[in-house]
$ cat run36.txt   # compact mmCIF, C-alpha atoms
# COMPACT_ATOMS: atom_id res chain seq x y z
CA MET A 1 87.08 89.88 76.99
CA GLU A 2 90.23 91.56 78.23
CA MET A 3 92.19 89.78 80.93
CA GLN A 4 93.93 91.19 83.99
CA GLN A 5 97.57 92.16 83.59
CA THR A 6 100.63 92.60 85.76
CA VAL A 7 104.25 93.41 85.06
CA ALA A 8 106.27 90.51 83.64
CA GLY A 9 109.40 91.29 85.66
CA SER A 10 110.83 93.91 87.98
CA ALA A 11 112.10 97.36 87.08
CA ALA A 12 113.41 100.30 89.12
CA PHE A 13 113.67 104.07 88.79
CA SER A 14 115.71 106.33 91.08
CA GLY A 15 115.98 110.06 91.52
CA ILE A 16 115.20 113.02 93.77
CA ALA A 17 111.79 113.36 95.40
CA LEU A 18 110.08 116.69 94.71
CA HIS A 19 109.05 117.84 98.17
CA THR A 20 111.43 116.05 100.55
CA GLY A 21 114.48 116.41 98.32
CA ALA A 22 115.54 112.91 99.38
CA ARG A 23 117.07 110.31 97.09
CA ALA A 24 114.29 107.82 96.27
CA THR A 25 113.88 104.55 94.42
CA VAL A 26 110.67 102.95 93.21
CA ARG A 27 110.47 99.34 92.01
CA LEU A 28 107.67 97.50 90.26
CA HIS A 29 106.96 93.84 91.02
CA ALA A 30 104.39 91.39 89.66
CA ALA A 31 101.31 90.66 91.78
CA PRO A 32 98.62 87.93 91.61
CA GLU A 33 95.16 88.44 90.12
CA ASP A 34 92.80 90.69 92.07
CA THR A 35 95.62 92.30 94.07
CA GLY A 36 95.13 95.76 92.59
CA ILE A 37 97.82 98.42 92.87
CA VAL A 38 99.59 98.23 96.23
CA PHE A 39 102.35 100.57 97.46
CA ARG A 40 104.84 98.98 99.86
CA ARG A 41 107.14 101.05 102.12
CA VAL A 42 110.25 98.86 102.44
CA ASP A 43 112.02 101.52 104.51
CA LEU A 44 109.63 101.09 107.45
CA PRO A 45 109.44 98.28 110.03
CA GLY A 46 107.10 95.56 108.83
CA GLN A 47 107.05 97.04 105.32
CA PRO A 48 103.51 98.47 105.60
CA GLU A 49 101.35 98.49 102.48
CA VAL A 50 98.65 100.83 101.24
CA ARG A 51 96.16 99.99 98.51
CA ALA A 52 95.81 102.69 95.87
CA LEU A 53 92.14 103.56 96.41
CA ALA A 54 90.27 106.83 96.74
CA SER A 55 89.11 105.69 100.18
CA ASN A 56 92.76 105.74 101.30
CA VAL A 57 93.49 109.28 100.08
CA VAL A 58 94.45 111.57 102.96
CA ASP A 59 95.62 114.72 101.14
CA VAL A 60 95.11 116.29 97.71
CA GLN A 61 96.61 119.75 98.08
CA ARG A 62 99.95 119.44 96.25
CA GLY A 63 99.51 115.98 94.80
CA THR A 64 97.62 112.85 95.76
CA THR A 65 98.67 111.22 99.03
CA ILE A 66 97.44 107.81 100.20
CA ALA A 67 97.83 106.15 103.60
CA GLN A 68 96.87 103.06 105.60
CA GLY A 69 98.17 102.71 109.14
CA LYS A 70 101.84 103.62 109.19
CA GLY A 71 102.13 103.34 105.41
CA ILE A 72 101.94 106.74 103.70
CA VAL A 73 102.91 107.62 100.14
CA TYR A 74 102.94 111.08 98.59
CA THR A 75 102.33 112.11 94.96
CA VAL A 76 101.17 108.78 93.54
CA GLU A 77 99.37 110.27 90.55
CA HIS A 78 102.17 110.00 87.96
CA ILE A 79 102.83 106.33 88.70
CA MET A 80 99.10 105.59 88.78
CA SER A 81 98.62 107.34 85.46
CA ALA A 82 101.21 105.17 83.70
CA LEU A 83 99.80 101.99 85.29
CA HIS A 84 96.25 102.91 84.22
CA ALA A 85 97.30 103.76 80.68
CA CYS A 86 99.20 100.46 80.35
CA LYS A 87 96.27 98.49 81.83
CA ILE A 88 98.33 97.11 84.70
CA ASP A 89 95.66 95.78 87.06
CA ASN A 90 97.92 94.17 89.67
CA CYS A 91 101.28 95.47 90.83
CA ILE A 92 103.41 95.95 93.94
CA VAL A 93 104.99 99.40 93.87
CA GLU A 94 107.92 99.12 96.25
CA MET A 95 109.31 102.35 97.68
CA ASN A 96 112.23 103.12 100.01
CA GLY A 97 110.72 106.40 101.18
CA MET A 98 107.48 108.34 101.44
CA GLU A 99 107.69 109.96 98.01
CA PRO A 100 108.65 108.64 94.55
CA PRO A 101 111.29 110.40 92.46
CA ILE A 102 109.91 113.28 90.43
CA GLY A 103 112.07 112.54 87.37
CA ASP A 104 111.44 115.19 84.73
CA GLY A 105 108.03 116.03 86.19
CA SER A 106 106.13 113.83 83.76
CA SER A 107 104.88 110.24 83.88
CA LEU A 108 107.17 109.18 81.04
CA PRO A 109 109.86 107.66 83.34
CA PHE A 110 107.21 105.44 84.94
CA TYR A 111 105.79 104.43 81.57
CA GLU A 112 109.30 103.49 80.45
CA MET A 113 109.78 101.52 83.67
CA ILE A 114 106.66 99.48 82.87
CA MET A 115 107.93 98.86 79.35
CA GLU A 116 111.26 97.70 80.79
CA ALA A 117 109.51 95.27 83.14
CA GLY A 118 107.19 94.03 80.41
CA ILE A 119 103.49 93.19 80.63
CA ALA A 120 102.12 89.74 81.51
CA VAL A 121 98.53 88.66 80.80
CA GLN A 122 96.85 86.88 83.71
CA ASN A 123 94.08 84.32 84.00
CA LYS A 124 91.11 86.35 85.26
CA PRO A 125 88.96 88.88 83.39
CA ALA A 126 89.89 92.51 83.90
CA ARG A 127 87.57 94.73 85.93
CA THR A 128 86.41 97.72 83.90
CA PHE A 129 83.79 100.19 85.08
CA THR A 130 81.72 102.84 83.36
CA PRO A 131 78.85 104.55 85.20
CA ASP A 132 75.25 104.09 84.07
CA VAL A 133 74.58 107.80 84.60
CA PRO A 134 76.74 110.94 84.48
CA VAL A 135 78.88 111.39 87.60
CA ALA A 136 80.20 114.85 88.47
CA ALA A 137 82.52 116.62 90.90
CA ILE A 138 82.09 120.39 90.93
CA GLY A 139 83.56 123.12 93.11
CA GLY A 140 85.07 126.56 92.60
CA LYS A 141 86.30 126.92 89.05
CA THR A 142 86.57 123.13 88.64
CA GLN A 143 83.88 121.14 86.87
CA ILE A 144 84.44 117.51 85.88
CA VAL A 145 81.88 114.97 84.74
CA LEU A 146 82.21 111.37 83.54
CA LEU A 147 79.62 110.25 81.00
CA PRO A 148 78.94 106.56 80.28
CA ASP A 149 80.95 104.91 77.50
CA PRO A 150 81.71 101.19 77.85
CA GLU A 151 84.16 101.21 74.93
CA LYS A 152 87.00 103.48 76.00
CA LEU A 153 88.19 106.38 78.12
CA SER A 154 88.23 109.75 76.39
CA ILE A 155 89.08 113.08 77.99
CA SER A 156 88.20 116.59 76.84
CA CYS A 157 89.99 119.10 79.05
CA VAL A 158 90.37 122.86 79.27
CA THR A 159 92.66 124.74 81.66
CA SER A 160 93.22 128.41 82.40
CA PHE A 161 96.15 130.12 84.17
CA LYS A 162 96.19 133.89 83.99
CA ASN A 163 99.99 134.21 83.82
CA CYS A 164 100.42 131.58 81.09
CA PRO A 165 101.33 132.83 77.59
CA VAL A 166 98.99 130.29 75.97
CA ASP A 167 95.67 130.56 77.79
CA PRO A 168 93.23 128.89 77.86
CA GLN A 169 94.54 125.51 76.75
CA PHE A 170 92.42 122.66 75.37
CA TYR A 171 93.15 119.08 74.39
CA GLN A 172 91.04 116.06 73.59
CA TYR A 173 92.51 112.62 74.18
CA GLU A 174 91.19 109.14 73.50
CA ALA A 175 92.93 106.33 75.36
CA LEU A 176 92.83 103.83 72.53
CA GLU A 177 96.37 102.51 72.85
CA GLN A 178 99.26 102.92 75.27
CA GLU A 179 101.54 104.16 72.49
CA SER A 180 99.37 107.28 72.08
CA TYR A 181 99.63 107.88 75.83
CA ALA A 182 103.43 107.66 75.62
CA ARG A 183 103.49 110.07 72.69
CA ASP A 184 100.77 112.60 73.54
CA ILE A 185 100.22 112.60 77.32
CA ALA A 186 103.07 111.07 79.34
CA PRO A 187 105.72 113.68 78.32
CA GLY A 188 103.68 116.58 79.73
CA ARG A 189 105.67 117.99 82.67
CA THR A 190 104.40 119.40 85.93
CA PHE A 191 104.31 123.15 86.36
CA VAL A 192 103.94 125.77 89.06
CA ASP A 193 103.10 129.46 89.18
CA TYR A 194 106.02 131.50 90.49
CA SER A 195 103.93 133.02 93.29
CA ASP A 196 102.91 129.53 94.44
CA LEU A 197 106.53 128.37 94.25
CA ARG A 198 107.64 131.05 96.70
CA LEU A 199 104.92 129.95 99.11
CA LEU A 200 105.89 126.28 98.80
CA LEU A 201 109.54 127.06 99.47
CA SER A 202 108.61 129.10 102.54
CA MET A 203 106.69 126.03 103.80
CA GLY A 204 109.78 123.84 103.46
CA LEU A 205 108.43 122.04 100.39
CA CYS A 206 109.85 121.60 96.87
CA LYS A 207 113.28 120.82 98.33
CA GLY A 208 113.97 118.63 95.29
CA GLY A 209 112.47 121.04 92.76
CA SER A 210 114.46 122.35 89.81
CA LEU A 211 114.00 123.22 86.16
CA ASP A 212 114.93 119.59 85.47
CA ALA A 213 111.63 118.55 87.05
CA ALA A 214 109.09 121.31 86.40
CA ALA A 215 108.14 124.34 84.34
CA ILE A 216 107.51 127.70 86.03
CA ILE A 217 104.80 130.12 84.92
CA HIS A 218 105.97 133.68 85.56
CA ASP A 219 104.97 137.07 84.24
CA GLY A 220 103.46 135.84 80.98
CA ALA A 221 106.19 133.30 80.23
CA ILE A 222 106.91 129.63 80.86
CA ILE A 223 110.41 128.93 82.14
CA CYS A 224 111.76 125.40 81.68
CA LYS A 225 115.05 123.61 81.06
CA ASP A 226 114.35 122.95 77.40
CA LYS A 227 111.69 124.21 75.04
CA LEU A 228 108.11 123.19 75.67
CA ARG A 229 107.35 119.67 74.49
CA PHE A 230 103.90 120.82 73.36
CA GLU A 231 102.43 124.29 73.00
CA ASN A 232 99.61 123.08 75.28
CA GLU A 233 101.83 121.04 77.62
CA ILE A 234 99.98 122.23 80.72
CA VAL A 235 96.60 120.81 79.71
CA ARG A 236 98.23 117.53 78.68
CA HIS A 237 99.81 117.25 82.12
CA LYS A 238 96.40 117.88 83.67
CA ILE A 239 94.98 115.01 81.60
CA MET A 240 97.85 112.79 82.75
CA ASP A 241 97.05 113.61 86.38
CA ALA A 242 93.36 112.86 85.82
CA ILE A 243 94.12 109.44 84.33
CA GLY A 244 96.16 108.61 87.45
CA ASP A 245 93.66 109.95 89.97
CA LEU A 246 90.75 108.15 88.30
CA TYR A 247 92.58 104.85 88.73
CA LEU A 248 92.02 105.28 92.47
CA ALA A 249 88.53 103.96 91.74
CA GLY A 250 90.25 100.57 91.92
CA CYS A 251 89.88 99.33 88.37
CA ARG A 252 90.11 100.44 84.74
CA ILE A 253 87.71 103.28 83.99
CA THR A 254 85.94 103.96 80.71
CA GLY A 255 83.69 106.88 79.84
CA LYS A 256 83.74 110.37 78.37
CA LEU A 257 85.44 112.68 80.87
CA ILE A 258 84.77 116.39 80.41
CA ALA A 259 87.06 118.44 82.63
CA VAL A 260 87.17 122.21 83.16
CA CYS A 261 90.16 123.33 85.24
CA PRO A 262 90.62 119.91 86.88
CA GLY A 263 92.81 119.29 89.92
CA HIS A 264 93.51 116.54 92.43
CA PRO A 265 90.70 117.42 94.88
CA LYS A 266 87.89 116.96 92.36
CA ASN A 267 89.65 114.17 90.44
CA VAL A 268 89.84 112.14 93.65
CA GLU A 269 86.28 113.08 94.63
CA LEU A 270 85.08 111.68 91.29
CA ALA A 271 87.15 108.52 91.76
CA GLY A 272 85.63 108.12 95.21
CA LYS A 273 82.12 108.38 93.80
CA LEU A 274 82.94 105.71 91.21
CA LEU A 275 84.42 103.46 93.90
CA ALA A 276 81.29 103.88 96.02
CA MET A 277 79.07 103.03 93.04
CA MET A 278 81.05 99.84 92.42
CA ASN A 279 80.90 98.83 96.09
CA GLN A 280 77.17 99.54 96.26
CA ASN A 281 76.54 97.39 93.21
CA ASN A 282 78.95 94.66 94.36
CA CYS A 283 80.86 95.16 91.11
CA LYS A 284 83.59 92.56 90.66
$ encode --input "run36.txt" --output "structure tokens"
Amino acid sequence: MEMQQTVAGSAAFSGIALHTGARATVRLHAAPEDTGIVFRRVDLPGQPEVRALASNVVDVQRGTTIAQGKGIVYTVEHIMSALHACKIDNCIVEMNGMEPPIGDGSSLPFYEMIMEAGIAVQNKPARTFTPDVPVAAIGGKTQIVLLPDPEKLSISCVTSFKNCPVDPQFYQYEALEQESYARDIAPGRTFVDYSDLRLLLSMGLCKGGSLDAAAIIHDGAIICKDKLRFENEIVRHKIMDAIGDLYLAGCRITGKLIAVCPGHPKNVELAGKLLAMMNQNNCK
């Protein structure tokens, strides 16, 4: 039986937030058993908190945004992905603004922050959930389904972007150990199509965007600061996002996830269905 885990100490990561362009710092702190993942806004009066659950998601258009009362946090998926992969069940994610730093556009900085803090085993059994029946979220070109598997989380994913030089992209990942996540998934950087980037800029977003933090798909090429980390880096980033969004179900998830052109809307919808199943069954 696996036990719950938290971070052993505190660790911080600072940088520029993607959409606001503001300087931001995120800190991880240990939390007691059964706390879950809680984001705390230390820049606001009363330091409001928001639990990282699908039921608290308020926007999924350009990332996953959660809110409770006056506490709102944008683009939580990269942090949540690293926490899920490292099996951190309980943690206070302290933030001095509404959006975490984007770093290099991957979840690797957050994984490294967890490694810096260390991992502490706690005294209660970990909550792990796999559905008894297939659970799906389907809409538009997106089709994702989670099949039962009590042993581990595995993800088979295919993506397609018409302007990408390598298209479609496919990758199969089995979350057997956090080292494989750090090697094969976490380094995958975020990306944007050039036409979408122009729209985002016109909306006053991506103020902190640069080639240090994202790759740009344009006219059959991928433009980035350095060479691609993987030939299929886009699909690996999509898997990373899915691991983070699924953690909004409120506990570790196992199963066989099959994902065709996944994105935050359907990832979060699936997490919400899993959360509802657990609540209905009084799963502890």
$ closest_atom_pairs --input "run36.txt" --of "stretch 25-60 of chain A" --to "stretch 260-270 of chain A" --cutoff "8 Å" --atoms "only C-alpha atoms" --output "Markdown table"
| residue | atom | partner | partner_atom | distance |
| --- | --- | --- | --- | --- |
| A:Ala54 | CA | A:Val268 | CA | 6.2 |
| A:Val57 | CA | A:Val268 | CA | 7.9 |
| A:Val60 | CA | A:Pro265 | CA | 5.4 |
$ residues_around --input "run36.txt" --residues "A:Asn279" --least-positions-apart "6" --cutoff "12 Å" --atoms "all atoms listed in the file" --output "PyMOL selection string"
chain A and resi 55+129+249-251+272-273
$ residues_around --input "run36.txt" --residues "A:Thr190" --least-positions-apart "3" --cutoff "8 Å" --atoms "only C-alpha atoms" --output "list in words"
Gly105, Ser106, Ala213, Ala214, Ala215, Ile234 and His237 of chain A
$ write_last_selection --input "run36.txt" --atoms "C-alpha atoms" --output "compact mmCIF listing (two decimals), keeping the file's coordinate frame"
# COMPACT_ATOMS: atom_id res chain seq x y z
CA GLY A 105 108.03 116.03 86.19
CA SER A 106 106.13 113.83 83.76
CA ALA A 213 111.63 118.55 87.05
CA ALA A 214 109.09 121.31 86.40
CA ALA A 215 108.14 124.34 84.34
CA ILE A 234 99.98 122.23 80.72
CA HIS A 237 99.81 117.25 82.12
$ closest_residue --input "run36.txt" --among "A:Glu99, A:Glu2, A:Asp245, A:Glu116" --to "A:Asp43" --atoms "all atoms listed in the file"
A:Glu99
$ closest_residue --input "run36.txt" --among "A:Ile79, A:Leu246, A:Ile258, A:Ile223" --to "A:Ser107" --atoms "all atoms listed in the file"
A:Ile79
$ build_atoms --input "run36.txt" --residues "stretch 21-32 of chain A" --atoms "all heavy atoms" --output "PDB file, keeping the file's coordinate frame"
ATOM      1  N   GLY A  21     113.119 116.243  98.817  1.00  0.00           N
ATOM      2  CA  GLY A  21     114.480 116.410  98.320  1.00  0.00           C
ATOM      3  C   GLY A  21     115.361 115.205  98.567  1.00  0.00           C
ATOM      4  O   GLY A  21     116.574 115.250  98.323  1.00  0.00           O
ATOM      5  N   ALA A  22     114.773 114.112  99.056  1.00  0.00           N
ATOM      6  CA  ALA A  22     115.540 112.910  99.380  1.00  0.00           C
ATOM      7  C   ALA A  22     115.756 112.059  98.125  1.00  0.00           C
ATOM      8  O   ALA A  22     114.975 112.104  97.177  1.00  0.00           O
ATOM      9  CB  ALA A  22     114.817 112.083 100.438  1.00  0.00           C
ATOM     10  N   ARG A  23     116.829 111.276  98.141  1.00  0.00           N
ATOM     11  CA  ARG A  23     117.070 110.310  97.090  1.00  0.00           C
ATOM     12  C   ARG A  23     116.052 109.182  97.235  1.00  0.00           C
ATOM     13  O   ARG A  23     115.858 108.650  98.331  1.00  0.00           O
ATOM     14  CB  ARG A  23     118.486 109.754  97.177  1.00  0.00           C
ATOM     15  CG  ARG A  23     118.881 108.813  96.052  1.00  0.00           C
ATOM     16  CD  ARG A  23     119.199 109.561  94.790  1.00  0.00           C
ATOM     17  NE  ARG A  23     119.589 108.665  93.715  1.00  0.00           N
ATOM     18  CZ  ARG A  23     119.824 109.064  92.468  1.00  0.00           C
ATOM     19  NH1 ARG A  23     119.739 110.352  92.169  1.00  0.00           N
ATOM     20  NH2 ARG A  23     120.162 108.214  91.523  1.00  0.00           N
ATOM     21  N   ALA A  24     115.374 108.806  96.176  1.00  0.00           N
ATOM     22  CA  ALA A  24     114.290 107.820  96.270  1.00  0.00           C
ATOM     23  C   ALA A  24     114.387 106.819  95.133  1.00  0.00           C
ATOM     24  O   ALA A  24     114.849 107.134  94.036  1.00  0.00           O
ATOM     25  CB  ALA A  24     112.935 108.524  96.231  1.00  0.00           C
ATOM     26  N   THR A  25     113.951 105.604  95.426  1.00  0.00           N
ATOM     27  CA  THR A  25     113.880 104.550  94.420  1.00  0.00           C
ATOM     28  C   THR A  25     112.513 103.893  94.475  1.00  0.00           C
ATOM     29  O   THR A  25     111.996 103.603  95.555  1.00  0.00           O
ATOM     30  CB  THR A  25     114.961 103.477  94.652  1.00  0.00           C
ATOM     31  OG1 THR A  25     116.254 104.073  94.520  1.00  0.00           O
ATOM     32  CG2 THR A  25     114.839 102.344  93.635  1.00  0.00           C
ATOM     33  N   VAL A  26     111.933 103.674  93.317  1.00  0.00           N
ATOM     34  CA  VAL A  26     110.670 102.950  93.210  1.00  0.00           C
ATOM     35  C   VAL A  26     110.908 101.728  92.345  1.00  0.00           C
ATOM     36  O   VAL A  26     111.612 101.801  91.330  1.00  0.00           O
ATOM     37  CB  VAL A  26     109.553 103.851  92.637  1.00  0.00           C
ATOM     38  CG1 VAL A  26     109.916 104.397  91.276  1.00  0.00           C
ATOM     39  CG2 VAL A  26     108.236 103.097  92.552  1.00  0.00           C
ATOM     40  N   ARG A  27     110.346 100.586  92.753  1.00  0.00           N
ATOM     41  CA  ARG A  27     110.470  99.340  92.010  1.00  0.00           C
ATOM     42  C   ARG A  27     109.090  98.747  91.771  1.00  0.00           C
ATOM     43  O   ARG A  27     108.224  98.794  92.647  1.00  0.00           O
ATOM     44  CB  ARG A  27     111.325  98.317  92.780  1.00  0.00           C
ATOM     45  CG  ARG A  27     112.758  98.747  93.038  1.00  0.00           C
ATOM     46  CD  ARG A  27     113.529  97.692  93.826  1.00  0.00           C
ATOM     47  NE  ARG A  27     114.847  98.170  94.204  1.00  0.00           N
ATOM     48  CZ  ARG A  27     115.921  98.087  93.422  1.00  0.00           C
ATOM     49  NH1 ARG A  27     115.813  97.504  92.226  1.00  0.00           N
ATOM     50  NH2 ARG A  27     117.087  98.552  93.827  1.00  0.00           N
ATOM     51  N   LEU A  28     108.911  98.186  90.597  1.00  0.00           N
ATOM     52  CA  LEU A  28     107.670  97.500  90.260  1.00  0.00           C
ATOM     53  C   LEU A  28     107.881  95.999  90.333  1.00  0.00           C
ATOM     54  O   LEU A  28     108.898  95.485  89.847  1.00  0.00           O
ATOM     55  CB  LEU A  28     107.204  97.886  88.858  1.00  0.00           C
ATOM     56  CG  LEU A  28     106.957  99.366  88.577  1.00  0.00           C
ATOM     57  CD1 LEU A  28     106.454  99.544  87.147  1.00  0.00           C
ATOM     58  CD2 LEU A  28     105.968  99.962  89.578  1.00  0.00           C
ATOM     59  N   HIS A  29     106.914  95.288  90.933  1.00  0.00           N
ATOM     60  CA  HIS A  29     106.960  93.840  91.020  1.00  0.00           C
ATOM     61  C   HIS A  29     105.602  93.266  90.605  1.00  0.00           C
ATOM     62  O   HIS A  29     104.558  93.898  90.822  1.00  0.00           O
ATOM     63  CB  HIS A  29     107.279  93.369  92.437  1.00  0.00           C
ATOM     64  CG  HIS A  29     108.600  93.838  92.952  1.00  0.00           C
ATOM     65  ND1 HIS A  29     109.803  93.354  92.482  1.00  0.00           N
ATOM     66  CD2 HIS A  29     108.913  94.753  93.906  1.00  0.00           C
ATOM     67  CE1 HIS A  29     110.800  93.942  93.121  1.00  0.00           C
ATOM     68  NE2 HIS A  29     110.285  94.804  93.993  1.00  0.00           N
ATOM     69  N   ALA A  30     105.619  92.076  90.040  1.00  0.00           N
ATOM     70  CA  ALA A  30     104.390  91.390  89.660  1.00  0.00           C
ATOM     71  C   ALA A  30     103.551  91.081  90.891  1.00  0.00           C
ATOM     72  O   ALA A  30     104.070  90.919  92.003  1.00  0.00           O
ATOM     73  CB  ALA A  30     104.716  90.109  88.899  1.00  0.00           C
ATOM     74  N   ALA A  31     102.229  90.999  90.699  1.00  0.00           N
ATOM     75  CA  ALA A  31     101.310  90.660  91.780  1.00  0.00           C
ATOM     76  C   ALA A  31     100.228  89.739  91.224  1.00  0.00           C
ATOM     77  O   ALA A  31      99.886  89.808  90.039  1.00  0.00           O
ATOM     78  CB  ALA A  31     100.682  91.924  92.365  1.00  0.00           C
ATOM     79  N   PRO A  32      99.656  88.864  92.063  1.00  0.00           N
ATOM     80  CA  PRO A  32      98.620  87.930  91.610  1.00  0.00           C
ATOM     81  C   PRO A  32      97.336  88.651  91.184  1.00  0.00           C
ATOM     82  O   PRO A  32      97.135  89.838  91.479  1.00  0.00           O
ATOM     83  CB  PRO A  32      98.360  87.064  92.849  1.00  0.00           C
ATOM     84  CG  PRO A  32      99.534  87.270  93.735  1.00  0.00           C
ATOM     85  CD  PRO A  32     100.021  88.657  93.466  1.00  0.00           C
TER      86      PRO A  32
END
